[in-house]
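Peer 1: Below you will find the structure I want to go over with you.
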Amino acid sequence: MDYRSVGFWFDSIAEAEDGFRHRPGLADDATVDVAIVGAGLTGLWTAYYLQELDPGLRILLLEREVAGFGASGRNGGWCSALFPWSASALAARYGRDAAIAQRQAMVDTVDEVGRVAAAEDIDCDYVRGGTVTFARDRVQLASARAEFAESEEFGVDQVSLAGTETVRTRYGVPDAIAATVTPACARVHPAKLVRGLARAVERRGATIAEGTEVVGWADGVVRVRVGDVERTVTAGTVVNATEGYGSQLPQVGRSVLPSTR
C-alpha cells in the first residue's frame, strides 16, 4: 500500500523515508530471547529498555505493516503527562504514595522521551512547551483553581494559575478570565519519533520484521505469516505490544479493554 495514505504525519516524511518500503519480512524460522508482537511505540520502547538492561538480548519485533503504522504514527502530536484520573482520585483508590509515584512517572516520561530523542539523534520536532487550559466562565475558573490547589497539595505537576491580564496579553485570548499552565507536555512529530526509535533499536541489535503478520502464539512459539508462507518464532519471552490491534488475535481478543471507572 501507499503509506502516505496513513495520514498527515506519514505523508509529511514520505520522501525522507523513501516511500516506507518494507523492511524484509521474516525469511525463515527463528529462535530469539524476546519476540515482540507489534512495532509501534509500545513494542519499540520495550525493545529499547530491554537493550538498556541487557545489550546481548536477541530481540525480534514482528510487524504486519511497517513500524509505527498504527496509532503510534498518527496520534495528536503531543507527549503529555496528562491523565484521565486526577491525583486526588488516584489517592482515594490507591493511596497517596501510589498517586504521587504515578504522577511523577508520567512527568518524568515527558523528559525521558526528549532525552532519548537527543541521545539517539531522533529529529522528532520535540519542544517541551507545556499545556495551557483556558477558563472562560465561573465553572471553568473553579475547575482551574481546583487543579492548581491539587498540584500544590501533591507537589508533582507544578501547575501554575495565570490571571486575566496574563491570558489576554500573553496568550491573546480576550474572553478568558484565567488559565492553568502545566509544564509537563511536549510537542512531537509522532511519525518521526516512532520511525526514529525503530532505527535506534535496530542500531542496538534488534531486528524488525515488517510485512510479517502474527497469527497467534502459545508456549513461547509465535506463528507468523509472510505472504502465503507460515513460519514460527521460538522465544523465551513473548511481549504483546499490539494495543488496539490485539482484538484481532485469539490470545488477546477482548481481554484488554479501557477502564470506565
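How things are named: the first chain in the C-alpha cells is A, the next is B, and so on; residues count from 1 in each chain; ligands count from 1 in the order shown.
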Using only C-alpha atoms, which residues sit within 12 Å of Ala71 (chain A) once same-chain residues fewer than 3 positions away are excluded, as number ranges by chain?
Peer 2: A: 6-7, 9-10, 38-42, 67-68, 74-77, 190-191, 194, 242-245
Peer 1: Would you return as a PyMOL selection string the members of region 126-159 of chain A that DSSP assigns to strand (DSSP E) on this structure's backbone?
Peer 2: chain A and resi 131-135
Peer 1: Please dump the current selection as a compact mmCIF listing (two decimals), in the first residue's frame; keep N, CA and C atoms.
Peer 2:
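Once written, again_0.txt looks like this:
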# COMPACT_ATOMS: atom_id res chain seq x y z
N THR A 131 1.21 22.71 28.59
CA THR A 131 -0.20 22.77 28.20
C THR A 131 -0.86 23.96 28.88
N VAL A 132 -1.59 24.75 28.11
CA VAL A 132 -2.35 25.88 28.65
C VAL A 132 -3.83 25.58 28.47
N THR A 133 -4.58 25.62 29.58
CA THR A 133 -6.01 25.36 29.54
C THR A 133 -6.74 26.61 30.03
N PHE A 134 -7.56 27.19 29.18
CA PHE A 134 -8.21 28.47 29.50
C PHE A 134 -9.54 28.27 30.21
N ALA A 135 -9.83 29.21 31.11
CA ALA A 135 -11.12 29.25 31.81
C ALA A 135 -11.87 30.48 31.31
Peer 1: Could you tell me how far CA of Arg21 (chain A) lies from CA of Arg203 (chain A), in Å and to one decimal?
Peer 2: 18.2 Å
Peer 1: Would you mind reading off the distance between CA of Ala87 (chain A) and CA of Ile100 (chain A), one decimal, in Å?
Peer 2: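 We find that CA of Ala87 (chain A) and CA of Ile100 (chain A) lie 7.2 Å from each other.
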Peer 1: Need the shell around region 105-111 of chain A: protein/DNA/RNA residues with any atom at most 12 Å away, counting only C-alpha atoms. Skip same-chain ones fewer than 3 positions apart. Format as a PDB file with all heavy atoms, in the first residue's frame?
Peer 2:
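The new file selection-v1.pdb reads:
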ATOM      1  N   TRP A  45       9.585   0.909  22.488  1.00  0.00           N
ATOM      2  CA  TRP A  45      10.131   1.331  23.793  1.00  0.00           C
ATOM      3  C   TRP A  45      10.490   0.115  24.637  1.00  0.00           C
ATOM      4  O   TRP A  45      11.493   0.115  25.365  1.00  0.00           O
ATOM      5  CB  TRP A  45       9.139   2.209  24.538  1.00  0.00           C
ATOM      6  CG  TRP A  45       9.058   3.633  24.075  1.00  0.00           C
ATOM      7  CD1 TRP A  45       7.954   4.275  23.575  1.00  0.00           C
ATOM      8  CD2 TRP A  45      10.110   4.611  24.067  1.00  0.00           C
ATOM      9  NE1 TRP A  45       8.269   5.581  23.253  1.00  0.00           N
ATOM     10  CE2 TRP A  45       9.577   5.810  23.552  1.00  0.00           C
ATOM     11  CE3 TRP A  45      11.451   4.575  24.443  1.00  0.00           C
ATOM     12  CZ2 TRP A  45      10.337   6.970  23.400  1.00  0.00           C
ATOM     13  CZ3 TRP A  45      12.221   5.729  24.292  1.00  0.00           C
ATOM     14  CH2 TRP A  45      11.665   6.909  23.776  1.00  0.00           C
ATOM     15  N   TRP A  78       1.400  15.121  20.573  1.00  0.00           N
ATOM     16  CA  TRP A  78       1.913  15.642  21.843  1.00  0.00           C
ATOM     17  C   TRP A  78       2.378  14.499  22.736  1.00  0.00           C
ATOM     18  O   TRP A  78       1.907  13.379  22.647  1.00  0.00           O
ATOM     19  CB  TRP A  78       0.863  16.495  22.558  1.00  0.00           C
ATOM     20  CG  TRP A  78      -0.388  15.777  22.949  1.00  0.00           C
ATOM     21  CD1 TRP A  78      -0.600  15.014  24.070  1.00  0.00           C
ATOM     22  CD2 TRP A  78      -1.625  15.746  22.221  1.00  0.00           C
ATOM     23  NE1 TRP A  78      -1.877  14.520  24.083  1.00  0.00           N
ATOM     24  CE2 TRP A  78      -2.536  14.959  22.974  1.00  0.00           C
ATOM     25  CE3 TRP A  78      -2.051  16.327  21.028  1.00  0.00           C
ATOM     26  CZ2 TRP A  78      -3.838  14.718  22.549  1.00  0.00           C
ATOM     27  CZ3 TRP A  78      -3.358  16.088  20.611  1.00  0.00           C
ATOM     28  CH2 TRP A  78      -4.226  15.301  21.356  1.00  0.00           C
ATOM     29  N   CYS A  79       3.314  14.826  23.597  1.00  0.00           N
ATOM     30  CA  CYS A  79       3.841  13.894  24.596  1.00  0.00           C
ATOM     31  C   CYS A  79       3.501  14.515  25.939  1.00  0.00           C
ATOM     32  O   CYS A  79       4.085  15.520  26.325  1.00  0.00           O
ATOM     33  CB  CYS A  79       5.345  13.732  24.415  1.00  0.00           C
ATOM     34  SG  CYS A  79       6.141  12.729  25.685  1.00  0.00           S
ATOM     35  N   SER A  80       2.542  13.939  26.638  1.00  0.00           N
ATOM     36  CA  SER A  80       1.922  14.639  27.757  1.00  0.00           C
ATOM     37  C   SER A  80       1.871  13.788  29.011  1.00  0.00           C
ATOM     38  O   SER A  80       1.730  12.568  28.950  1.00  0.00           O
ATOM     39  CB  SER A  80       0.501  15.064  27.362  1.00  0.00           C
ATOM     40  OG  SER A  80      -0.208  15.550  28.469  1.00  0.00           O
ATOM     41  N   ALA A  81       1.940  14.455  30.170  1.00  0.00           N
ATOM     42  CA  ALA A  81       1.747  13.792  31.455  1.00  0.00           C
ATOM     43  C   ALA A  81       0.297  13.846  31.908  1.00  0.00           C
ATOM     44  O   ALA A  81      -0.022  13.390  33.002  1.00  0.00           O
ATOM     45  CB  ALA A  81       2.644  14.439  32.517  1.00  0.00           C
ATOM     46  N   LEU A  82      -0.587  14.397  31.082  1.00  0.00           N
ATOM     47  CA  LEU A  82      -1.999  14.459  31.443  1.00  0.00           C
ATOM     48  C   LEU A  82      -2.566  13.042  31.546  1.00  0.00           C
ATOM     49  O   LEU A  82      -2.156  12.134  30.812  1.00  0.00           O
ATOM     50  CB  LEU A  82      -2.776  15.265  30.406  1.00  0.00           C
ATOM     51  CG  LEU A  82      -2.352  16.733  30.251  1.00  0.00           C
ATOM     52  CD1 LEU A  82      -3.161  17.394  29.148  1.00  0.00           C
ATOM     53  CD2 LEU A  82      -2.515  17.487  31.570  1.00  0.00           C
ATOM     54  N   PHE A  83      -3.520  12.869  32.452  1.00  0.00           N
ATOM     55  CA  PHE A  83      -4.052  11.538  32.745  1.00  0.00           C
ATOM     56  C   PHE A  83      -5.538  11.666  33.041  1.00  0.00           C
ATOM     57  O   PHE A  83      -5.972  12.671  33.618  1.00  0.00           O
ATOM     58  CB  PHE A  83      -3.307  10.944  33.955  1.00  0.00           C
ATOM     59  CG  PHE A  83      -3.542   9.483  34.178  1.00  0.00           C
ATOM     60  CD1 PHE A  83      -3.055   8.546  33.294  1.00  0.00           C
ATOM     61  CD2 PHE A  83      -4.249   9.047  35.300  1.00  0.00           C
ATOM     62  CE1 PHE A  83      -3.265   7.186  33.502  1.00  0.00           C
ATOM     63  CE2 PHE A  83      -4.461   7.696  35.520  1.00  0.00           C
ATOM     64  CZ  PHE A  83      -3.971   6.763  34.621  1.00  0.00           C
ATOM     65  N   ALA A  87      -4.934  13.356  40.544  1.00  0.00           N
ATOM     66  CA  ALA A  87      -4.118  12.794  41.619  1.00  0.00           C
ATOM     67  C   ALA A  87      -4.980  12.471  42.835  1.00  0.00           C
ATOM     68  O   ALA A  87      -4.755  11.463  43.529  1.00  0.00           O
ATOM     69  CB  ALA A  87      -3.011  13.775  41.995  1.00  0.00           C
ATOM     70  N   ALA A  98       1.143   6.025  46.137  1.00  0.00           N
ATOM     71  CA  ALA A  98       0.985   5.481  44.784  1.00  0.00           C
ATOM     72  C   ALA A  98       0.590   6.579  43.807  1.00  0.00           C
ATOM     73  O   ALA A  98       1.070   6.607  42.667  1.00  0.00           O
ATOM     74  CB  ALA A  98      -0.051   4.369  44.782  1.00  0.00           C
ATOM     75  N   ALA A  99      -0.277   7.486  44.251  1.00  0.00           N
ATOM     76  CA  ALA A  99      -0.706   8.588  43.376  1.00  0.00           C
ATOM     77  C   ALA A  99       0.472   9.478  43.015  1.00  0.00           C
ATOM     78  O   ALA A  99       0.651   9.865  41.851  1.00  0.00           O
ATOM     79  CB  ALA A  99      -1.797   9.401  44.059  1.00  0.00           C
ATOM     80  N   ILE A 100       1.298   9.817  43.996  1.00  0.00           N
ATOM     81  CA  ILE A 100       2.470  10.661  43.739  1.00  0.00           C
ATOM     82  C   ILE A 100       3.452   9.946  42.818  1.00  0.00           C
ATOM     83  O   ILE A 100       4.002  10.549  41.888  1.00  0.00           O
ATOM     84  CB  ILE A 100       3.136  11.055  45.066  1.00  0.00           C
ATOM     85  CG1 ILE A 100       2.233  12.032  45.835  1.00  0.00           C
ATOM     86  CG2 ILE A 100       4.513  11.680  44.821  1.00  0.00           C
ATOM     87  CD1 ILE A 100       2.736  12.379  47.226  1.00  0.00           C
ATOM     88  N   ALA A 101       3.661   8.647  43.055  1.00  0.00           N
ATOM     89  CA  ALA A 101       4.594   7.884  42.214  1.00  0.00           C
ATOM     90  C   ALA A 101       4.096   7.840  40.773  1.00  0.00           C
ATOM     91  O   ALA A 101       4.889   7.971  39.823  1.00  0.00           O
ATOM     92  CB  ALA A 101       4.750   6.469  42.761  1.00  0.00           C
ATOM     93  N   GLN A 102       2.789   7.636  40.595  1.00  0.00           N
ATOM     94  CA  GLN A 102       2.243   7.590  39.240  1.00  0.00           C
ATOM     95  C   GLN A 102       2.387   8.927  38.544  1.00  0.00           C
ATOM     96  O   GLN A 102       2.794   8.993  37.381  1.00  0.00           O
ATOM     97  CB  GLN A 102       0.764   7.163  39.296  1.00  0.00           C
ATOM     98  CG  GLN A 102       0.158   6.826  37.947  1.00  0.00           C
ATOM     99  CD  GLN A 102      -0.470   8.036  37.247  1.00  0.00           C
ATOM    100  OE1 GLN A 102      -0.465   9.146  37.784  1.00  0.00           O
ATOM    101  NE2 GLN A 102      -0.970   7.819  36.046  1.00  0.00           N
ATOM    102  N   GLY A 114      12.314  13.196  25.464  1.00  0.00           N
ATOM    103  CA  GLY A 114      13.231  14.198  24.929  1.00  0.00           C
ATOM    104  C   GLY A 114      14.678  13.782  25.075  1.00  0.00           C
ATOM    105  O   GLY A 114      15.495  14.010  24.174  1.00  0.00           O
ATOM    106  N   ARG A 115      15.010  13.165  26.215  1.00  0.00           N
ATOM    107  CA  ARG A 115      16.392  12.721  26.444  1.00  0.00           C
ATOM    108  C   ARG A 115      16.809  11.667  25.431  1.00  0.00           C
ATOM    109  O   ARG A 115      17.889  11.756  24.828  1.00  0.00           O
ATOM    110  CB  ARG A 115      16.536  12.158  27.859  1.00  0.00           C
ATOM    111  CG  ARG A 115      17.968  11.745  28.218  1.00  0.00           C
ATOM    112  CD  ARG A 115      18.027  10.855  29.435  1.00  0.00           C
ATOM    113  NE  ARG A 115      17.479   9.531  29.193  1.00  0.00           N
ATOM    114  CZ  ARG A 115      18.146   8.555  28.574  1.00  0.00           C
ATOM    115  NH1 ARG A 115      19.378   8.759  28.101  1.00  0.00           N
ATOM    116  NH2 ARG A 115      17.590   7.362  28.410  1.00  0.00           N
ATOM    117  N   VAL A 116      15.949  10.668  25.221  1.00  0.00           N
ATOM    118  CA  VAL A 116      16.270   9.596  24.274  1.00  0.00           C
ATOM    119  C   VAL A 116      16.343  10.137  22.852  1.00  0.00           C
ATOM    120  O   VAL A 116      17.230   9.757  22.076  1.00  0.00           O
ATOM    121  CB  VAL A 116      15.249   8.450  24.379  1.00  0.00           C
ATOM    122  CG1 VAL A 116      15.479   7.421  23.276  1.00  0.00           C
ATOM    123  CG2 VAL A 116      15.326   7.787  25.749  1.00  0.00           C
ATOM    124  N   ALA A 117      15.421  11.025  22.519  1.00  0.00           N
ATOM    125  CA  ALA A 117      15.445  11.605  21.176  1.00  0.00           C
ATOM    126  C   ALA A 117      16.771  12.306  20.912  1.00  0.00           C
ATOM    127  O   ALA A 117      17.363  12.183  19.830  1.00  0.00           O
ATOM    128  CB  ALA A 117      14.282  12.575  20.995  1.00  0.00           C
ATOM    129  N   ALA A 118      17.259  13.048  21.912  1.00  0.00           N
ATOM    130  CA  ALA A 118      18.545  13.738  21.756  1.00  0.00           C
ATOM    131  C   ALA A 118      19.699  12.745  21.713  1.00  0.00           C
ATOM    132  O   ALA A 118      20.604  12.861  20.877  1.00  0.00           O
ATOM    133  CB  ALA A 118      18.741  14.740  22.892  1.00  0.00           C
ATOM    134  N   TYR A 126      10.765  17.707  18.850  1.00  0.00           N
ATOM    135  CA  TYR A 126      10.406  17.742  20.271  1.00  0.00           C
ATOM    136  C   TYR A 126      10.602  19.145  20.836  1.00  0.00           C
ATOM    137  O   TYR A 126      11.691  19.713  20.766  1.00  0.00           O
ATOM    138  CB  TYR A 126      11.281  16.744  21.039  1.00  0.00           C
ATOM    139  CG  TYR A 126      11.035  16.678  22.533  1.00  0.00           C
ATOM    140  CD1 TYR A 126      10.196  15.718  23.074  1.00  0.00           C
ATOM    141  CD2 TYR A 126      11.668  17.567  23.405  1.00  0.00           C
ATOM    142  CE1 TYR A 126       9.980  15.637  24.447  1.00  0.00           C
ATOM    143  CE2 TYR A 126      11.446  17.501  24.775  1.00  0.00           C
ATOM    144  CZ  TYR A 126      10.602  16.533  25.282  1.00  0.00           C
ATOM    145  OH  TYR A 126      10.385  16.472  26.647  1.00  0.00           O
ATOM    146  N   VAL A 127       9.536  19.706  21.383  1.00  0.00           N
ATOM    147  CA  VAL A 127       9.599  21.002  22.073  1.00  0.00           C
ATOM    148  C   VAL A 127       8.740  20.897  23.325  1.00  0.00           C
ATOM    149  O   VAL A 127       7.529  20.661  23.228  1.00  0.00           O
ATOM    150  CB  VAL A 127       9.100  22.167  21.197  1.00  0.00           C
ATOM    151  CG1 VAL A 127       9.131  23.477  21.995  1.00  0.00           C
ATOM    152  CG2 VAL A 127       9.937  22.301  19.936  1.00  0.00           C
ATOM    153  N   ARG A 128       9.337  21.079  24.468  1.00  0.00           N
ATOM    154  CA  ARG A 128       8.604  20.955  25.742  1.00  0.00           C
ATOM    155  C   ARG A 128       8.026  22.316  26.110  1.00  0.00           C
ATOM    156  O   ARG A 128       8.632  23.108  26.821  1.00  0.00           O
ATOM    157  CB  ARG A 128       9.538  20.453  26.836  1.00  0.00           C
ATOM    158  CG  ARG A 128       8.859  19.999  28.132  1.00  0.00           C
ATOM    159  CD  ARG A 128       9.931  19.548  29.103  1.00  0.00           C
ATOM    160  NE  ARG A 128       9.424  18.933  30.306  1.00  0.00           N
ATOM    161  CZ  ARG A 128       9.003  19.588  31.388  1.00  0.00           C
ATOM    162  NH1 ARG A 128       9.001  20.916  31.381  1.00  0.00           N
ATOM    163  NH2 ARG A 128       8.592  18.934  32.459  1.00  0.00           N
ATOM    164  N   GLY A 129       6.825  22.580  25.621  1.00  0.00           N
ATOM    165  CA  GLY A 129       6.210  23.888  25.814  1.00  0.00           C
ATOM    166  C   GLY A 129       5.091  23.927  26.835  1.00  0.00           C
ATOM    167  O   GLY A 129       4.617  25.003  27.197  1.00  0.00           O
ATOM    168  N   GLY A 130       4.654  22.760  27.326  1.00  0.00           N
ATOM    169  CA  GLY A 130       3.594  22.730  28.316  1.00  0.00           C
ATOM    170  C   GLY A 130       2.198  22.783  27.711  1.00  0.00           C
ATOM    171  O   GLY A 130       2.026  22.892  26.499  1.00  0.00           O
ATOM    172  N   GLY A 155       2.408  18.258  44.942  1.00  0.00           N
ATOM    173  CA  GLY A 155       3.767  18.722  44.716  1.00  0.00           C
ATOM    174  C   GLY A 155       4.505  18.089  43.558  1.00  0.00           C
ATOM    175  O   GLY A 155       5.740  18.029  43.584  1.00  0.00           O
ATOM    176  N   VAL A 156       3.782  17.629  42.538  1.00  0.00           N
ATOM    177  CA  VAL A 156       4.446  16.953  41.415  1.00  0.00           C
ATOM    178  C   VAL A 156       4.291  17.725  40.112  1.00  0.00           C
ATOM    179  O   VAL A 156       5.272  18.007  39.419  1.00  0.00           O
ATOM    180  CB  VAL A 156       3.900  15.515  41.235  1.00  0.00           C
ATOM    181  CG1 VAL A 156       4.569  14.843  40.033  1.00  0.00           C
ATOM    182  CG2 VAL A 156       4.126  14.698  42.493  1.00  0.00           C
ATOM    183  N   ASP A 157       3.072  18.060  39.747  1.00  0.00           N
ATOM    184  CA  ASP A 157       2.794  18.561  38.403  1.00  0.00           C
ATOM    185  C   ASP A 157       3.194  20.012  38.158  1.00  0.00           C
ATOM    186  O   ASP A 157       3.282  20.442  37.005  1.00  0.00           O
ATOM    187  CB  ASP A 157       1.309  18.379  38.087  1.00  0.00           C
ATOM    188  CG  ASP A 157       0.941  16.919  37.914  1.00  0.00           C
ATOM    189  OD1 ASP A 157       1.264  16.363  36.850  1.00  0.00           O
ATOM    190  OD2 ASP A 157       0.362  16.327  38.832  1.00  0.00           O
ATOM    191  N   GLN A 158       3.435  20.775  39.217  1.00  0.00           N
ATOM    192  CA  GLN A 158       3.913  22.153  39.091  1.00  0.00           C
ATOM    193  C   GLN A 158       2.998  23.026  38.238  1.00  0.00           C
ATOM    194  O   GLN A 158       3.440  23.825  37.411  1.00  0.00           O
ATOM    195  CB  GLN A 158       5.335  22.171  38.502  1.00  0.00           C
ATOM    196  CG  GLN A 158       6.339  21.323  39.271  1.00  0.00           C
ATOM    197  CD  GLN A 158       6.522  21.784  40.708  1.00  0.00           C
ATOM    198  OE1 GLN A 158       6.679  22.961  40.974  1.00  0.00           O
ATOM    199  NE2 GLN A 158       6.493  20.839  41.639  1.00  0.00           N
ATOM    200  N   VAL A 159       1.688  22.856  38.416  1.00  0.00           N
ATOM    201  CA  VAL A 159       0.711  23.665  37.687  1.00  0.00           C
ATOM    202  C   VAL A 159       0.728  25.095  38.228  1.00  0.00           C
ATOM    203  O   VAL A 159       0.767  25.308  39.443  1.00  0.00           O
ATOM    204  CB  VAL A 159      -0.703  23.073  37.826  1.00  0.00           C
ATOM    205  CG1 VAL A 159      -1.747  23.985  37.176  1.00  0.00           C
ATOM    206  CG2 VAL A 159      -0.752  21.675  37.206  1.00  0.00           C
ATOM    207  N   THR A 182       0.441  23.860  32.613  1.00  0.00           N
ATOM    208  CA  THR A 182       1.050  22.608  33.061  1.00  0.00           C
ATOM    209  C   THR A 182       2.318  22.357  32.249  1.00  0.00           C
ATOM    210  O   THR A 182       2.246  22.162  31.035  1.00  0.00           O
ATOM    211  CB  THR A 182       0.071  21.429  32.862  1.00  0.00           C
ATOM    212  OG1 THR A 182      -1.182  21.754  33.465  1.00  0.00           O
ATOM    213  CG2 THR A 182       0.619  20.154  33.466  1.00  0.00           C
ATOM    214  N   PRO A 183       3.496  22.378  32.864  1.00  0.00           N
ATOM    215  CA  PRO A 183       4.747  22.321  32.092  1.00  0.00           C
ATOM    216  C   PRO A 183       5.066  20.968  31.463  1.00  0.00           C
ATOM    217  O   PRO A 183       5.779  20.910  30.464  1.00  0.00           O
ATOM    218  CB  PRO A 183       5.814  22.701  33.129  1.00  0.00           C
ATOM    219  CG  PRO A 183       5.207  22.366  34.448  1.00  0.00           C
ATOM    220  CD  PRO A 183       3.736  22.595  34.310  1.00  0.00           C
ATOM    221  N   ALA A 184       4.543  19.872  32.010  1.00  0.00           N
ATOM    222  CA  ALA A 184       4.952  18.541  31.545  1.00  0.00           C
ATOM    223  C   ALA A 184       4.177  18.109  30.306  1.00  0.00           C
ATOM    224  O   ALA A 184       3.337  17.207  30.335  1.00  0.00           O
ATOM    225  CB  ALA A 184       4.791  17.519  32.653  1.00  0.00           C
ATOM    226  N   CYS A 185       4.454  18.774  29.204  1.00  0.00           N
ATOM    227  CA  CYS A 185       3.857  18.401  27.921  1.00  0.00           C
ATOM    228  C   CYS A 185       4.770  18.906  26.811  1.00  0.00           C
ATOM    229  O   CYS A 185       5.292  20.022  26.894  1.00  0.00           O
ATOM    230  CB  CYS A 185       2.461  18.994  27.761  1.00  0.00           C
ATOM    231  SG  CYS A 185       1.617  18.476  26.237  1.00  0.00           S
ATOM    232  N   ALA A 186       4.990  18.077  25.805  1.00  0.00           N
ATOM    233  CA  ALA A 186       5.859  18.459  24.694  1.00  0.00           C
ATOM    234  C   ALA A 186       5.165  18.205  23.369  1.00  0.00           C
ATOM    235  O   ALA A 186       4.308  17.322  23.254  1.00  0.00           O
ATOM    236  CB  ALA A 186       7.176  17.673  24.738  1.00  0.00           C
ATOM    237  N   ARG A 187       5.538  18.988  22.389  1.00  0.00           N
ATOM    238  CA  ARG A 187       5.097  18.746  21.016  1.00  0.00           C
ATOM    239  C   ARG A 187       6.067  17.772  20.365  1.00  0.00           C
ATOM    240  O   ARG A 187       7.286  17.898  20.521  1.00  0.00           O
ATOM    241  CB  ARG A 187       5.105  20.066  20.246  1.00  0.00           C
ATOM    242  CG  ARG A 187       4.723  19.938  18.779  1.00  0.00           C
ATOM    243  CD  ARG A 187       5.277  21.096  17.969  1.00  0.00           C
ATOM    244  NE  ARG A 187       6.715  20.980  17.787  1.00  0.00           N
ATOM    245  CZ  ARG A 187       7.493  21.955  17.294  1.00  0.00           C
ATOM    246  NH1 ARG A 187       6.963  23.107  16.965  1.00  0.00           N
ATOM    247  NH2 ARG A 187       8.792  21.767  17.140  1.00  0.00           N
ATOM    248  N   VAL A 188       5.533  16.807  19.631  1.00  0.00           N
ATOM    249  CA  VAL A 188       6.378  15.888  18.873  1.00  0.00           C
ATOM    250  C   VAL A 188       5.732  15.624  17.515  1.00  0.00           C
ATOM    251  O   VAL A 188       4.531  15.796  17.335  1.00  0.00           O
ATOM    252  CB  VAL A 188       6.580  14.533  19.590  1.00  0.00           C
ATOM    253  CG1 VAL A 188       7.332  14.708  20.903  1.00  0.00           C
ATOM    254  CG2 VAL A 188       5.268  13.808  19.814  1.00  0.00           C
TER     255      VAL A 188
END
Peer 1: Distance CA of Val238 (chain A)-CA of Leu61 (chain A), one decimal place?
Peer 2: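 So the answer is 10.0 Å.
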Peer 1: Give me the residues within 9 Å of Val215 (chain A) as an MDAnalysis selection string, counting only C-alpha atoms and dropping any in the same chain fewer than 2 places off.
Peer 2: chainID A and resid 213 217 222:225 230 249:250
Peer 1: From the options A:Ala89, A:Val139, A:Ala27, A:Met1, which residue's atoms come nearest to Arg231 (chain A), counting only C-alpha atoms?
Peer 2: A:Ala27
Peer 1: Give the answer as one residue: which of A:Thr212, A:Leu161, A:Ser151, A:Ser12 has the shortest atom-to-atom distance to Gln104 (chain A), using only C-alpha atoms?
Peer 2: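 When distances to Gln104 (chain A) are compared using only C-alpha atoms, the smallest one comes from A:Ser151.
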